[in-house]
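Coordinates as given in model37.tsv (TSV, C-alpha atoms):
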```
chain	number	residue	atom	x	y	z
Q	750	MET	CA	64.15	144.92	88.72
Q	751	VAL	CA	66.95	142.39	89.13
Q	752	ASP	CA	66.76	142.87	92.89
Q	753	VAL	CA	63.11	141.85	92.73
Q	754	LEU	CA	64.03	138.65	90.84
Q	755	VAL	CA	66.80	137.79	93.31
Q	756	THR	CA	64.36	138.28	96.19
Q	757	LEU	CA	61.75	136.18	94.41
Q	758	ALA	CA	64.30	133.39	93.90
Q	759	ALA	CA	65.18	133.56	97.60
Q	760	ILE	CA	61.50	133.29	98.57
Q	761	ILE	CA	60.89	130.29	96.29
Q	762	ALA	CA	64.04	128.58	97.57
Q	763	GLY	CA	62.80	129.34	101.10
Q	764	VAL	CA	59.53	127.49	100.45
Q	765	ALA	CA	61.55	124.57	99.02
Q	766	PHE	CA	63.65	124.61	102.21
Q	767	LEU	CA	60.51	124.45	104.37
Q	768	LEU	CA	59.13	121.51	102.35
Q	769	ALA	CA	62.41	119.61	102.76
Q	770	LEU	CA	62.28	120.46	106.46
Q	771	VAL	CA	58.81	118.89	106.65
Q	772	ARG	CA	60.27	115.64	105.29
Q	773	PHE	CA	63.14	115.93	107.74
Q	774	LEU	CA	60.72	116.19	110.66
Q	775	LEU	CA	58.32	113.49	109.38
Q	776	GLY	CA	61.00	110.88	108.75
Q	777	PRO	CA	59.79	108.16	109.06
Q	778	THR	CA	63.14	106.32	108.94
Q	779	ARG	CA	66.50	107.78	109.82
Q	780	LEU	CA	67.62	107.47	106.20
Q	781	ASP	CA	64.65	109.60	105.11
Q	782	ARG	CA	66.00	112.28	107.39
Q	783	VAL	CA	69.45	111.96	105.83
Q	784	VAL	CA	67.92	112.31	102.36
Q	785	ALA	CA	66.06	115.41	103.49
Q	786	PHE	CA	69.24	116.73	105.09
Q	787	ASP	CA	71.11	116.25	101.81
Q	788	VAL	CA	68.49	118.32	99.96
Q	789	LEU	CA	68.53	120.94	102.72
Q	790	THR	CA	72.27	121.44	102.37
Q	791	VAL	CA	72.09	121.84	98.60
Q	792	ILE	CA	69.31	124.42	99.01
Q	793	ALA	CA	71.50	126.12	101.62
Q	794	ILE	CA	74.26	126.39	99.00
Q	795	THR	CA	71.78	128.22	96.76
Q	796	PHE	CA	71.03	130.53	99.68
Q	797	ILE	CA	74.72	131.27	100.19
Q	798	VAL	CA	75.11	132.13	96.49
Q	799	LEU	CA	72.05	134.40	96.67
Q	800	ALA	CA	73.45	136.04	99.80
Q	801	ALA	CA	76.74	136.62	97.97
Q	802	LEU	CA	74.80	138.33	95.18
Q	803	ILE	CA	72.76	140.52	97.51
Q	804	GLU	CA	75.73	141.56	99.60
Q	805	GLY	CA	78.07	141.68	96.60
Q	806	ARG	CA	80.77	139.71	98.44
Q	807	GLY	CA	82.56	137.00	96.44
Q	808	ILE	CA	84.16	135.52	99.56
Q	809	TYR	CA	80.82	133.84	100.36
Q	810	LEU	CA	81.38	131.54	97.40
Q	811	ASP	CA	84.33	129.95	99.20
Q	812	VAL	CA	81.98	129.30	102.09
Q	813	ALA	CA	79.53	127.64	99.66
Q	814	LEU	CA	82.28	125.44	98.23
Q	815	VAL	CA	83.57	124.28	101.61
Q	816	TYR	CA	80.00	123.72	102.80
Q	817	ALA	CA	79.27	121.58	99.72
Q	818	LEU	CA	82.40	119.52	100.40
Q	819	LEU	CA	81.69	118.98	104.08
Q	820	SER	CA	78.00	118.14	103.64
Q	821	PHE	CA	78.85	115.62	100.94
Q	822	LEU	CA	81.33	113.87	103.22
Q	823	GLY	CA	78.84	114.04	106.08
Q	824	VAL	CA	76.05	112.41	104.08
Q	825	ILE	CA	78.36	109.66	102.83
Q	826	ALA	CA	79.63	108.96	106.34
Q	827	VAL	CA	76.15	108.80	107.88
Q	828	ALA	CA	74.83	106.61	105.05
Q	829	ARG	CA	77.74	104.19	105.51
Q	830	TYR	CA	77.12	104.11	109.24
Q	831	LEU	CA	73.40	103.39	108.86
Q	832	GLU	CA	74.09	100.72	106.24
Q	833	GLY	CA	75.89	98.58	108.78
Q	834	ARG	CA	72.91	98.36	111.13
Q	835	ASP	CA	70.30	95.56	111.18
G	339	MET	CA	73.81	144.70	77.01
G	340	GLY	CA	74.52	144.61	80.73
G	341	LEU	CA	70.84	145.05	81.45
G	342	ILE	CA	69.85	142.13	79.22
G	343	LEU	CA	72.44	139.91	80.88
G	344	ASP	CA	71.13	140.97	84.28
G	345	MET	CA	67.58	140.07	83.28
G	346	ILE	CA	68.68	136.66	81.98
G	347	GLY	CA	70.59	136.11	85.22
G	348	GLY	CA	67.58	137.03	87.33
G	349	LEU	CA	65.30	134.72	85.37
G	350	LEU	CA	67.81	131.87	85.69
G	351	LEU	CA	67.86	132.40	89.46
G	352	VAL	CA	64.07	132.23	89.65
G	353	SER	CA	63.84	129.12	87.43
G	354	GLY	CA	66.59	127.41	89.44
G	355	ALA	CA	64.74	128.13	92.67
G	356	SER	CA	61.53	126.80	91.10
G	357	PHE	CA	63.16	123.45	90.41
G	358	LEU	CA	64.30	123.33	94.01
G	359	LEU	CA	60.66	123.91	94.95
G	360	PHE	CA	59.54	120.94	92.81
G	361	GLY	CA	62.21	118.89	94.53
G	362	GLY	CA	60.92	119.86	97.95
G	363	LEU	CA	57.40	119.03	96.85
G	364	GLY	CA	58.55	115.65	95.52
G	365	LEU	CA	60.37	114.97	98.77
G	366	VAL	CA	57.14	115.48	100.72
G	367	ARG	CA	54.75	113.76	98.31
G	368	MET	CA	56.67	110.69	97.13
G	369	PRO	CA	55.58	107.49	98.91
G	370	ASP	CA	58.91	105.77	99.64
G	371	ILE	CA	62.57	106.58	100.15
G	372	PHE	CA	63.79	105.58	96.69
G	373	ASN	CA	61.35	107.90	94.94
G	374	ARG	CA	62.22	110.64	97.39
G	375	ILE	CA	65.91	110.28	96.60
G	376	GLN	CA	65.08	110.51	92.91
G	377	ALA	CA	63.07	113.68	93.41
G	378	GLY	CA	65.78	115.20	95.57
G	379	ALA	CA	68.86	114.34	93.52
G	380	LYS	CA	67.62	115.45	90.11
G	381	THR	CA	65.96	118.71	91.03
G	382	THR	CA	68.66	119.93	93.39
G	383	THR	CA	71.32	119.33	90.74
G	384	LEU	CA	69.57	121.27	87.98
G	385	GLY	CA	68.16	123.85	90.38
G	386	THR	CA	71.56	124.68	91.82
G	387	LEU	CA	73.25	124.66	88.42
G	388	LEU	CA	70.71	127.17	87.08
G	389	THR	CA	71.17	129.34	90.16
G	390	LEU	CA	74.94	129.26	89.68
G	391	ALA	CA	74.54	130.15	85.99
G	392	GLY	CA	72.26	133.03	86.97
G	393	ALA	CA	74.80	134.28	89.51
G	394	ALA	CA	77.51	134.07	86.82
G	395	CYS	CA	75.37	136.30	84.55
G	396	LEU	CA	74.95	138.88	87.32
G	397	GLN	CA	78.60	138.79	88.47
G	398	PRO	CA	80.75	137.57	85.52
G	399	ALA	CA	83.92	138.00	87.60
G	400	TRP	CA	82.82	135.11	89.84
G	401	GLY	CA	82.44	132.79	86.84
G	402	LEU	CA	85.36	130.46	87.57
G	403	LYS	CA	84.47	129.86	91.18
G	404	LEU	CA	80.81	129.30	90.35
G	405	LEU	CA	81.87	126.83	87.65
G	406	LEU	CA	83.96	125.01	90.23
G	407	ILE	CA	80.97	124.69	92.59
G	408	GLY	CA	78.87	123.47	89.64
G	409	VAL	CA	81.39	120.80	88.59
G	410	PHE	CA	81.66	119.67	92.19
G	411	LEU	CA	77.88	119.33	92.54
G	412	ILE	CA	77.50	117.41	89.26
G	413	PHE	CA	79.88	114.79	90.63
G	414	THR	CA	78.86	114.62	94.28
G	415	ASN	CA	75.06	114.85	94.05
G	416	PRO	CA	74.53	111.57	92.16
G	417	VAL	CA	77.14	109.82	94.32
G	418	SER	CA	75.39	110.71	97.57
G	419	ALA	CA	72.04	109.72	96.02
G	420	GLN	CA	73.43	106.32	95.08
G	421	VAL	CA	75.05	105.73	98.45
G	422	LEU	CA	71.79	106.61	100.21
G	423	ALA	CA	69.73	104.38	97.90
G	424	ASN	CA	72.17	101.54	98.39
G	425	ALA	CA	72.08	101.93	102.18
G	426	ALA	CA	68.27	102.05	102.13
G	427	HIS	CA	68.10	98.86	100.10
G	428	ARG	CA	70.59	97.01	102.31
G	429	ARG	CA	68.62	97.97	105.39
G	430	GLY	CA	65.51	96.60	103.73
G	431	THR	CA	63.63	99.88	103.99
G	432	GLN	CA	59.94	99.50	103.22
G	433	LYS	CA	59.10	100.04	99.58
G	434	THR	CA	55.79	101.47	98.47
G	435	PRO	CA	53.09	98.87	97.64
G	436	LEU	CA	53.02	100.40	94.15
G	437	THR	CA	56.42	98.80	93.48
G	438	LYS	CA	56.22	96.42	90.54
G	439	VAL	CA	59.52	94.56	90.46
G	440	ASP	CA	62.74	94.37	92.46
G	441	HIS	CA	65.46	92.42	90.68
G	442	LEU	CA	68.02	93.35	93.31
G	443	ALA	CA	66.04	91.78	96.15
G	444	GLU	CA	65.41	88.71	93.98
G	445	ASP	CA	69.12	88.32	93.24
G	446	ARG	CA	70.04	88.77	96.88
G	447	GLY	CA	67.39	86.26	97.93
G	448	ASP	CA	65.56	88.57	100.30
G	449	LYS	CA	62.27	87.39	101.74
G	450	SER	CA	60.43	90.68	101.34
W	3	MET	CA	92.83	94.95	87.26
W	4	ASP	CA	96.47	94.60	86.24
W	5	LYS	CA	98.01	97.89	85.28
W	6	GLY	CA	101.34	98.56	83.66
W	7	LYS	CA	103.87	100.84	85.28
W	8	SER	CA	103.64	103.48	82.55
W	9	SER	CA	99.85	103.73	82.78
W	10	LYS	CA	100.18	104.17	86.54
W	11	TRP	CA	102.53	107.12	86.04
W	12	ARG	CA	100.15	108.45	83.42
W	13	ASP	CA	97.28	108.33	85.93
W	14	THR	CA	99.43	110.14	88.49
W	15	ALA	CA	100.31	112.86	85.98
W	16	ILE	CA	96.66	113.25	84.99
W	17	LEU	CA	95.55	113.47	88.61
W	18	PHE	CA	98.24	116.10	89.23
W	19	ALA	CA	97.04	118.16	86.24
W	20	THR	CA	93.41	117.91	87.36
W	21	LEU	CA	94.22	119.00	90.92
W	22	MET	CA	96.34	121.87	89.65
W	23	LEU	CA	93.53	123.01	87.37
W	24	PHE	CA	91.04	123.01	90.25
W	25	TRP	CA	93.48	124.91	92.47
W	26	LEU	CA	94.02	127.59	89.83
W	27	MET	CA	90.27	127.88	89.25
W	28	LEU	CA	89.78	128.31	92.98
W	29	GLU	CA	92.44	131.02	93.25
W	30	GLY	CA	91.56	132.69	89.98
W	31	LYS	CA	94.98	134.31	89.46
W	32	LEU	CA	98.48	133.31	88.37
W	33	GLU	CA	101.14	134.38	90.86
W	34	ALA	CA	104.42	132.79	91.89
W	35	ASP	CA	103.47	131.83	95.46
W	36	ILE	CA	100.11	130.40	94.35
W	37	LEU	CA	101.80	128.32	91.66
W	38	ILE	CA	104.41	126.97	94.09
W	39	VAL	CA	101.91	126.00	96.79
W	40	GLY	CA	99.63	124.46	94.17
W	41	THR	CA	102.41	122.42	92.60
W	42	VAL	CA	103.70	121.04	95.91
W	43	VAL	CA	100.29	120.14	97.32
W	44	SER	CA	99.00	118.67	94.03
W	45	LEU	CA	102.15	116.58	93.68
W	46	VAL	CA	101.88	115.17	97.20
W	47	ILE	CA	98.19	114.33	96.77
W	48	ALA	CA	98.74	112.85	93.30
W	49	LEU	CA	101.47	110.55	94.67
W	50	LEU	CA	99.45	109.55	97.74
W	51	TYR	CA	96.24	108.78	95.86
W	52	ARG	CA	97.61	107.39	92.62
W	53	ASP	CA	95.22	104.43	92.71
W	54	GLY	CA	92.19	106.68	93.06
W	55	LEU	CA	89.88	107.79	90.31
W	56	SER	CA	89.65	111.26	88.88
W	57	PHE	CA	87.69	112.60	85.96
W	58	PHE	CA	90.42	112.04	83.38
W	59	THR	CA	91.64	108.67	84.69
W	60	GLU	CA	91.48	106.17	81.82
W	61	PHE	CA	90.21	108.92	79.56
W	62	ARG	CA	91.26	108.46	75.95
W	63	PHE	CA	92.93	111.63	74.78
W	64	THR	CA	92.18	111.06	71.11
W	65	PRO	CA	90.22	113.46	68.87
W	66	ALA	CA	87.33	111.00	68.85
W	67	GLY	CA	87.42	110.74	72.66
W	68	ILE	CA	87.40	114.50	73.13
W	69	ILE	CA	84.57	115.04	70.63
W	70	ALA	CA	82.59	112.28	72.34
W	71	GLY	CA	83.24	114.08	75.63
W	72	PHE	CA	81.65	117.30	74.39
W	73	ARG	CA	78.72	115.47	72.82
W	74	TYR	CA	78.30	113.50	76.03
W	75	TYR	CA	77.88	116.71	78.01
W	76	GLY	CA	75.43	118.09	75.46
W	77	TYR	CA	73.34	114.94	75.76
W	78	PHE	CA	73.74	114.93	79.54
W	79	PHE	CA	72.33	118.43	79.99
W	80	LYS	CA	69.45	117.71	77.63
W	81	GLU	CA	68.59	114.61	79.67
W	82	LEU	CA	68.96	116.51	82.95
W	83	PHE	CA	66.40	119.08	81.78
W	84	LYS	CA	64.07	116.35	80.54
W	85	SER	CA	64.29	114.50	83.86
W	86	ASN	CA	63.46	117.63	85.83
W	87	PHE	CA	60.43	118.49	83.73
W	88	ALA	CA	59.24	114.90	83.90
W	89	LEU	CA	59.61	114.89	87.66
W	90	ALA	CA	57.88	118.26	88.03
W	91	ALA	CA	54.99	116.90	85.94
W	92	ILE	CA	54.67	113.92	88.28
W	93	VAL	CA	54.80	115.79	91.59
W	94	LEU	CA	52.43	118.52	90.42
W	95	ARG	CA	49.78	115.99	89.36
W	96	PRO	CA	47.41	115.34	92.31
W	97	SER	CA	47.18	111.63	91.45
W	98	LEU	CA	50.99	111.18	91.62
W	99	PRO	CA	51.24	108.76	88.65
W	100	ILE	CA	54.13	106.41	89.51
W	101	ALA	CA	54.81	102.70	89.10
W	102	PRO	CA	58.26	102.21	90.68
W	103	GLY	CA	60.52	99.20	90.67
W	104	ILE	CA	64.15	98.10	90.58
W	105	VAL	CA	65.31	96.57	87.30
W	106	LYS	CA	68.59	94.98	86.34
W	107	VAL	CA	70.57	96.16	83.31
W	108	ARG	CA	73.91	95.25	81.79
W	109	THR	CA	76.70	97.52	80.57
W	110	LYS	CA	79.36	96.89	77.94
W	111	LEU	CA	81.77	99.34	79.56
W	112	LYS	CA	84.94	97.83	81.00
W	113	SER	CA	86.79	100.75	82.61
W	114	ARG	CA	86.12	101.74	86.23
W	115	MET	CA	85.71	105.42	85.44
W	116	GLY	CA	83.42	104.68	82.49
W	117	ARG	CA	81.12	102.65	84.73
W	118	LEU	CA	81.17	105.28	87.45
W	119	MET	CA	80.24	108.01	84.97
W	120	LEU	CA	77.49	105.80	83.58
W	121	ALA	CA	76.03	105.22	87.03
W	122	ASN	CA	76.14	108.95	87.81
W	123	SER	CA	74.56	109.86	84.49
W	124	ILE	CA	71.76	107.34	84.97
W	125	THR	CA	71.00	108.84	88.37
W	126	LEU	CA	70.48	112.28	86.88
W	127	THR	CA	68.39	111.24	83.89
W	128	PRO	CA	64.61	110.81	83.64
W	129	GLY	CA	63.14	108.68	86.39
W	130	THR	CA	66.14	106.43	87.05
W	131	LEU	CA	68.50	105.97	90.00
W	132	THR	CA	71.43	103.57	90.30
W	133	VAL	CA	71.05	101.53	93.50
W	134	GLU	CA	73.82	98.97	93.16
W	135	MET	CA	76.64	98.03	90.80
W	136	GLU	CA	78.05	94.52	90.59
W	137	GLY	CA	80.55	94.10	87.79
W	138	GLU	CA	78.75	94.56	84.52
W	139	TRP	CA	75.31	94.54	86.19
W	140	LEU	CA	73.60	97.68	87.36
W	141	TYR	CA	70.44	97.76	89.44
W	142	ILE	CA	68.32	100.76	88.54
W	143	HIS	CA	65.38	102.14	90.47
W	144	CYS	CA	62.78	103.60	88.10
W	145	VAL	CA	59.93	105.92	89.05
W	146	THR	CA	57.95	104.39	86.21
W	147	VAL	CA	58.95	100.89	85.14
W	148	ALA	CA	58.46	100.56	81.38
W	149	SER	CA	59.71	97.02	81.08
W	150	ALA	CA	61.11	94.50	83.56
W	151	ASP	CA	62.93	92.66	80.78
W	152	ILE	CA	66.73	93.01	81.06
W	153	GLU	CA	67.41	93.57	77.35
W	154	ALA	CA	64.61	96.09	76.87
W	155	ALA	CA	65.54	98.01	80.03
W	156	THR	CA	69.20	98.06	78.97
W	157	ALA	CA	68.30	99.51	75.58
W	158	GLU	CA	66.10	102.13	77.17
W	159	ILE	CA	68.21	103.25	80.13
W	160	VAL	CA	71.84	102.49	79.36
W	161	SER	CA	72.53	102.68	75.65
W	162	GLY	CA	72.14	106.45	75.24
W	163	PHE	CA	75.06	107.32	77.50
W	164	GLU	CA	76.98	104.15	76.81
W	165	SER	CA	77.61	105.02	73.17
W	166	TYR	CA	79.49	108.19	74.20
W	167	LEU	CA	81.25	106.73	77.23
W	168	GLU	CA	82.45	103.78	75.21
W	169	VAL	CA	84.46	106.14	72.99
W	170	MET	CA	85.63	108.23	75.96
W	171	TYR	CA	86.73	105.50	78.36
W	172	GLY	CA	86.14	102.08	76.81
```

If you took the structure in this file and wrote it as structure tokens, what would it be?
Amino acid sequence: MVDVLVTLAAIIAGVAFLLALVRFLLGPTRLDRVVAFDVLTVIAITFIVLAALIEGRGIYLDVALVYALLSFLGVIAVARYLEGRD
Amino acid sequence: MGLILDMIGGLLLVSGASFLLFGGLGLVRMPDIFNRIQAGAKTTTLGTLLTLAGAACLQPAWGLKLLLIGVFLIFTNPVSAQVLANAAHRRGTQKTPLTKVDHLAEDRGDKS
Amino acid sequence: MDKGKSSKWRDTAILFATLMLFWLMLEGKLEADILIVGTVVSLVIALLYRDGLSFFTEFRFTPAGIIAGFRYYGYFFKELFKSNFALAAIVLRPSLPIAPGIVKVRTKLKSRMGRLMLANSITLTPGTLTVEMEGEWLYIHCVTVASADIEAATAEIVSGFESYLEVMYG
């Protein structure tokens, strides 16, 4: 029963990921893509946690934490870079 | 007892994922970048927090690490949203025609 | 901002304690080698980044401050839920009922950390997003602008969190 719920959560999160991907592809500005990328990474963190649950491996959580850290720094850096233009 | 906790955990996972879905929908439907950032920042924060809480119910031994990820997200998500919004405004990104007021542009003396 | 020497050491000690806490949460066990590595690394970082901000910088460790902290988080999570349901209601409606705008509000908070927390809280609460901070002025993007008047917008957006943060940070 719980397995069904975990799978359902993964499917719903997957649809959310696809919607964010649509925004990433549509743009229209580069910052829109960065916003979409930010959402994509947070959804990816959810995926990693779900994967940890399904596989029963706690080590994946460290991956999620480091991924959260790096994507945050990445988004800040890109936003700062784009700010300086025109 | 364990079964009840498992059920609660599973339901938290599904509700968290549902908020992510609303966020994705908002990201696609909202007319300009500021509204998109709003949709993204709020829903991903709550959605991920609920997912983490659900995971903590299913695997209580992971509680501390999940809490750490949650605390981290509560602090970083709004910061990246603000930095993106600030960058968008400085670049003069097009706002939706529905926009009523913009005190920031007035104070900066923008033409648009 | 002019800071006394003792408050600077206090900030360093608080940053050290925060880093150590995070390290121990990450490791999840208390062993000699973990404690030693954690102490050394936290100490080095705390000394290098003593001018930086961390969650407990400028926090008032008084009973009132700590109680306000707990109540702040209670209020924060309530608002976070409200903002998500409000947003879901908007994006699920085919007509997409929004009337966005950027309004200017003023805060009474003086401390850097208090203002930062206020800006973060506003971003996660119903229909508002901090775009820019300049001293005591905050520029807030709203999905639905209720009032473009500074005083009215301040009362609506800022005052809820401000009352707790004022006790916590000043």

Pick out the chain G residues within 9 Å of chain W. Count only C-alpha atoms. Give them as a PDB file with C-alpha atoms, in the coordinates of the input.
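Written out: result-v2.pdb:
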```pdb
ATOM      1  CA  PHE G 357      63.160 123.450  90.410  1.00  0.00           C
ATOM      2  CA  PHE G 360      59.540 120.940  92.810  1.00  0.00           C
ATOM      3  CA  GLY G 361      62.210 118.890  94.530  1.00  0.00           C
ATOM      4  CA  LEU G 363      57.400 119.030  96.850  1.00  0.00           C
ATOM      5  CA  GLY G 364      58.550 115.650  95.520  1.00  0.00           C
ATOM      6  CA  ARG G 367      54.750 113.760  98.310  1.00  0.00           C
ATOM      7  CA  MET G 368      56.670 110.690  97.130  1.00  0.00           C
ATOM      8  CA  PHE G 372      63.790 105.580  96.690  1.00  0.00           C
ATOM      9  CA  ASN G 373      61.350 107.900  94.940  1.00  0.00           C
ATOM     10  CA  ILE G 375      65.910 110.280  96.600  1.00  0.00           C
ATOM     11  CA  GLN G 376      65.080 110.510  92.910  1.00  0.00           C
ATOM     12  CA  ALA G 377      63.070 113.680  93.410  1.00  0.00           C
ATOM     13  CA  ALA G 379      68.860 114.340  93.520  1.00  0.00           C
ATOM     14  CA  LYS G 380      67.620 115.450  90.110  1.00  0.00           C
ATOM     15  CA  THR G 381      65.960 118.710  91.030  1.00  0.00           C
ATOM     16  CA  THR G 383      71.320 119.330  90.740  1.00  0.00           C
ATOM     17  CA  LEU G 384      69.570 121.270  87.980  1.00  0.00           C
ATOM     18  CA  LEU G 402      85.360 130.460  87.570  1.00  0.00           C
ATOM     19  CA  LYS G 403      84.470 129.860  91.180  1.00  0.00           C
ATOM     20  CA  LEU G 405      81.870 126.830  87.650  1.00  0.00           C
ATOM     21  CA  LEU G 406      83.960 125.010  90.230  1.00  0.00           C
ATOM     22  CA  ILE G 412      77.500 117.410  89.260  1.00  0.00           C
ATOM     23  CA  PHE G 413      79.880 114.790  90.630  1.00  0.00           C
ATOM     24  CA  ASN G 415      75.060 114.850  94.050  1.00  0.00           C
ATOM     25  CA  PRO G 416      74.530 111.570  92.160  1.00  0.00           C
ATOM     26  CA  VAL G 417      77.140 109.820  94.320  1.00  0.00           C
ATOM     27  CA  ALA G 419      72.040 109.720  96.020  1.00  0.00           C
ATOM     28  CA  GLN G 420      73.430 106.320  95.080  1.00  0.00           C
ATOM     29  CA  VAL G 421      75.050 105.730  98.450  1.00  0.00           C
ATOM     30  CA  LEU G 422      71.790 106.610 100.210  1.00  0.00           C
ATOM     31  CA  ALA G 423      69.730 104.380  97.900  1.00  0.00           C
ATOM     32  CA  ASN G 424      72.170 101.540  98.390  1.00  0.00           C
ATOM     33  CA  ALA G 425      72.080 101.930 102.180  1.00  0.00           C
ATOM     34  CA  HIS G 427      68.100  98.860 100.100  1.00  0.00           C
ATOM     35  CA  THR G 434      55.790 101.470  98.470  1.00  0.00           C
ATOM     36  CA  LEU G 436      53.020 100.400  94.150  1.00  0.00           C
ATOM     37  CA  THR G 437      56.420  98.800  93.480  1.00  0.00           C
ATOM     38  CA  LYS G 438      56.220  96.420  90.540  1.00  0.00           C
ATOM     39  CA  VAL G 439      59.520  94.560  90.460  1.00  0.00           C
ATOM     40  CA  ASP G 440      62.740  94.370  92.460  1.00  0.00           C
ATOM     41  CA  HIS G 441      65.460  92.420  90.680  1.00  0.00           C
ATOM     42  CA  LEU G 442      68.020  93.350  93.310  1.00  0.00           C
ATOM     43  CA  ALA G 443      66.040  91.780  96.150  1.00  0.00           C
TER      44      ALA G 443
END
```

Next on the checklist: Need the shell around range 759-774 of chain Q: protein/DNA/RNA residues with any atom at most 12 Å away, counting all atoms listed in the file. Skip same-chain ones fewer than 5 positions apart. Format as a ChimeraX atom specification?
Outcome noted: /Q:752-754,779-803 /G:348,351-371,374-375,377-378,381-382,385-386,389

Item to check | Contacts of Lys112 in chain W within 12 Å, only C-alpha atoms, excl. fewer than 3 positions in-chain, as JSON, numbers by chain | outcome: {"W": [3, 60, 108, 109, 115, 116, 117, 118, 119, 120, 137, 138, 139, 164, 167, 168, 169, 170, 171, 172]}

Next on the checklist: As an exercise, work out the distance from CA of Lys31 in chain W to CA of Ile68 in chain W in Å and give it to one decimal place.
Outcome noted: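 Atom-to-atom, CA of Lys31 in chain W and CA of Ile68 in chain W are spaced 26.8 Å apart.
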
Checklist entry - Which residues of chain Q are close to chain W, meaning at most 12 Å apart when you count all atoms listed in the file, and how do they look as a ChimeraX atom specification? => result /Q:807-808,810-811,814-815

Next on the checklist: I'd like the interatomic distance between CA of Leu757 in chain Q and CA of Leu349 in chain G, to a tenth of an Å.
Outcome noted: 9.8 Å

Next on the checklist: Just the number, please: distance in Å from CA of Leu37 in chain W to CA of Met22 in chain W, one decimal.
Outcome noted: 8.7 Å

Next on the checklist: So that I can see what lies close to Tyr77 in chain W, please list as a ChimeraX atom specification the residues with an atom at most 9 Å from it, counting only C-alpha atoms and leaving out residues fewer than 4 positions away in the same chain.
Outcome noted: /W:72-73,81-82,162-163

Checklist entry - If you count only C-alpha atoms, which residues fall within 7 Å of range 39-54 of chain W, apart from same-chain ones fewer than 5 positions away, as a list in words? => result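 The filter keeps Asp13, Thr14, Leu17, Phe18, Leu21, Met22 and Trp25 of chain W.
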
Checklist outcome for this item: Shortest contact to chain G, candidates Q:Leu775, Q:Ser820, Q:Ala826, Q:Val751, atoms counted all atoms listed in the file, goes to Q:Val751

Grab all the atoms of range 417-430 of chain G that the file lists, wrap them in a box along x, y and z, add 8 Å per side, and give me centre plus edge lengths in Å (one decimal) as AutoDock Vina command-line options.
```
--center_x 71.3 --center_y 103.7 --center_z 99.9 --size_x 27.6 --size_y 30.1 --size_z 27.1
```

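Residue nearest Thr156 in chain W within the list W:Lys110, W:Ala88, W:Glu136, W:Leu32: W:Lys110 [criterion: smallest interatomic distance, only C-alpha atoms].
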
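For the set Q:Gly776, Q:Val755, Q:Val827, Q:Val812, the residue with the smallest atom-to-atom gap to chain G is Q:Val755, counting all atoms listed in the file.
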
Item to check | Among the residues G:Asp445, G:Leu390, G:Val409, G:Pro398, the one that comes closest to chain Q [using all atoms listed in the file] | outcome: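 Among the listed residues, G:Leu390 lies closest to chain Q.
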